[in-house]
Amino acid sequence: MAAPVLGIVAVWEKKILLLKRGSRVANYTGKWSGITGFIDELAPVREKVLEELREEISASKDDVAKLVVGDPYKIVDDKIGKTWYVCPVLVELRKGFEVKLDWEHTDYRWVDPSEINGFDTTPGLEKSIGIALSLAD
């Protein structure tokens, strides 16, 4: 089974936002991820990104200083029998933004990108982070 998804990497003051997936999500419960969302309707990617930001961390369009979409890539997860087509996105948030989590996540952390190896993450998160950070220039 294949699914197109957004892999949104939120950045603030050179730190990236990690979200811990809660028990009510369909996949990767308890793992750390970025902001994600299925691309399940025909809508501009930027609109979908803003929708996911609003839903998952209560960020509005005004909280976004920069939004850059990268080239999609594929991840095959044989453990759950799924192929993900990930559209990586860099979102730089404005100073003063405060994260407010929705039901999908139980915790969040702002971390240096070099600290990712210390977290139990969703498949492909490191690749999404690498691509997204390369879009910052």
# chains A, B, ... in the order shown; residues from 1 in each chain; ligands from 1
call {"tool": "select_by_dssp", "arguments": {"residues": "segment 1-109 of chain A", "states": "helix (DSSP H, G or I)", "output": "VMD selection string"}}
result
chain A and resid 45 to 57 61 to 63
call {"tool": "write_last_selection", "arguments": {"atoms": "C-alpha atoms", "output": "compact mmCIF listing (two decimals), in the first residue's frame"}}
result
# COMPACT_ATOMS: atom_id res chain seq x y z
CA VAL A 45 0.82 21.76 -1.05
CA ARG A 46 1.31 25.08 0.75
CA GLU A 47 -2.36 25.08 1.81
CA LYS A 48 -2.03 21.55 3.14
CA VAL A 49 1.15 22.49 5.03
CA LEU A 50 -0.61 25.43 6.68
CA GLU A 51 -3.54 23.17 7.58
CA GLU A 52 -1.23 20.63 9.26
CA LEU A 53 0.63 23.38 11.14
CA ARG A 54 -2.68 24.75 12.42
CA GLU A 55 -4.00 21.32 13.43
CA GLU A 56 -0.88 19.82 15.01
CA ILE A 57 0.85 22.76 16.73
CA LYS A 61 -0.01 31.62 8.60
CA ASP A 62 1.27 34.67 10.50
CA ASP A 63 3.55 32.43 12.61
call {"tool": "residues_around", "arguments": {"residues": "segment 8-17 of chain A", "least_positions_apart": "6", "cutoff": "7 Å", "atoms": "only C-alpha atoms", "output": "short mmCIF file (atom, residue, chain, number, x, y, z; two decimals) with N, CA and C atoms, in the first residue's frame"}}
result
data_model
loop_
_atom_site.label_atom_id
_atom_site.label_comp_id
_atom_site.auth_asym_id
_atom_site.auth_seq_id
_atom_site.Cartn_x
_atom_site.Cartn_y
_atom_site.Cartn_z
N GLY A 34 8.46 14.69 12.85
CA GLY A 34 8.17 16.09 12.56
C GLY A 34 6.66 16.21 12.45
N ILE A 35 6.21 17.26 11.83
CA ILE A 35 4.78 17.45 11.57
C ILE A 35 4.48 16.70 10.28
N THR A 36 3.48 15.84 10.32
CA THR A 36 3.17 15.03 9.15
C THR A 36 1.69 15.13 8.81
N PRO A 88 9.06 16.62 1.51
CA PRO A 88 9.69 17.34 2.61
C PRO A 88 9.44 18.84 2.51
N VAL A 89 9.22 19.45 3.66
CA VAL A 89 8.92 20.89 3.70
C VAL A 89 9.69 21.53 4.86
N LEU A 90 10.32 22.66 4.58
CA LEU A 90 10.95 23.46 5.61
C LEU A 90 10.00 24.59 5.99
N VAL A 91 9.75 24.73 7.29
CA VAL A 91 8.95 25.85 7.80
C VAL A 91 9.76 26.53 8.90
N GLU A 92 10.08 27.79 8.68
CA GLU A 92 10.73 28.57 9.72
C GLU A 92 9.66 29.36 10.44
N LEU A 93 9.60 29.20 11.76
CA LEU A 93 8.59 29.88 12.56
C LEU A 93 9.13 31.20 13.10
N TYR A 108 6.68 17.48 23.00
CA TYR A 108 7.50 18.07 21.95
C TYR A 108 8.82 18.55 22.52
N ARG A 109 9.80 18.68 21.64
CA ARG A 109 11.11 19.18 22.02
C ARG A 109 11.69 19.99 20.87
N TRP A 110 12.36 21.07 21.19
CA TRP A 110 13.18 21.81 20.23
C TRP A 110 14.59 21.27 20.39
N VAL A 111 15.17 20.71 19.34
CA VAL A 111 16.49 20.09 19.45
C VAL A 111 17.42 20.56 18.34
N ASP A 112 18.69 20.45 18.61
CA ASP A 112 19.70 20.68 17.59
C ASP A 112 19.64 19.50 16.61
N PRO A 113 19.77 19.75 15.32
CA PRO A 113 19.71 18.64 14.35
C PRO A 113 20.70 17.51 14.65
N ILE A 129 14.68 15.84 7.43
CA ILE A 129 15.38 16.94 8.09
C ILE A 129 16.53 17.42 7.21
N ALA A 132 15.10 19.27 4.21
CA ALA A 132 14.50 20.54 4.63
C ALA A 132 15.56 21.57 4.99
#
call {"tool": "closest_atom_pairs", "arguments": {"of": "segment 56-90 of chain A", "to": "segment 116-122 of chain A", "cutoff": "12 Å", "atoms": "only C-alpha atoms", "output": "CSV"}}
result
residue,atom,partner,partner_atom,distance
A:Ile75,CA,A:Thr122,CA,10.9
A:Asp77,CA,A:Thr122,CA,10.1
A:Trp84,CA,A:Thr122,CA,11.6
call {"tool": "write_last_selection", "arguments": {"atoms": "C-alpha atoms", "output": "PDB file, in the first residue's frame"}}
result
ATOM      1  CA  ILE A  75      10.473   5.262   1.843  1.00  0.00           C
ATOM      2  CA  ASP A  77       8.562   0.333   5.474  1.00  0.00           C
ATOM      3  CA  TRP A  84       5.486   6.448   1.806  1.00  0.00           C
TER       4      TRP A  84
END
call {"tool": "select_by_dssp", "arguments": {"residues": "segment 4-83 of chain A", "states": "strand (DSSP E)", "output": "PyMOL selection string"}}
result
chain A and resi 4-12+15-21+32-33+35-38+64-69+73-77+82-83
call {"tool": "residues_around", "arguments": {"residues": "His105 of chain A", "least_positions_apart": "4", "cutoff": "9 Å", "atoms": "only C-alpha atoms", "output": "ChimeraX atom specification"}}
result
/A:19-25,30,56,101
call {"tool": "residues_around", "arguments": {"residues": "Ala2 of chain A", "least_positions_apart": "3", "cutoff": "9 Å", "atoms": "only C-alpha atoms", "output": "ChimeraX atom specification"}}
result
/A:76,81-85
call {"tool": "closest_residue", "arguments": {"among": "A:Ser60, A:Pro123, A:Arg94, A:Cys87", "to": "Tyr73 of chain A", "atoms": "only C-alpha atoms"}}
result
A:Cys87
call {"tool": "atom_distance", "arguments": {"atom1": "atom CA of Ser128 of chain A", "atom2": "atom CA of Val5 of chain A"}}
result
11.5 Å
call {"tool": "atom_distance", "arguments": {"atom1": "atom CA of Asp102 of chain A", "atom2": "atom CA of Gly37 of chain A"}}
result
13.2 Å
call {"tool": "closest_residue", "arguments": {"among": "A:Ala59, A:Ile39, A:Val68, A:Met1", "to": "Lys100 of chain A", "atoms": "only C-alpha atoms"}}
result
A:Ala59
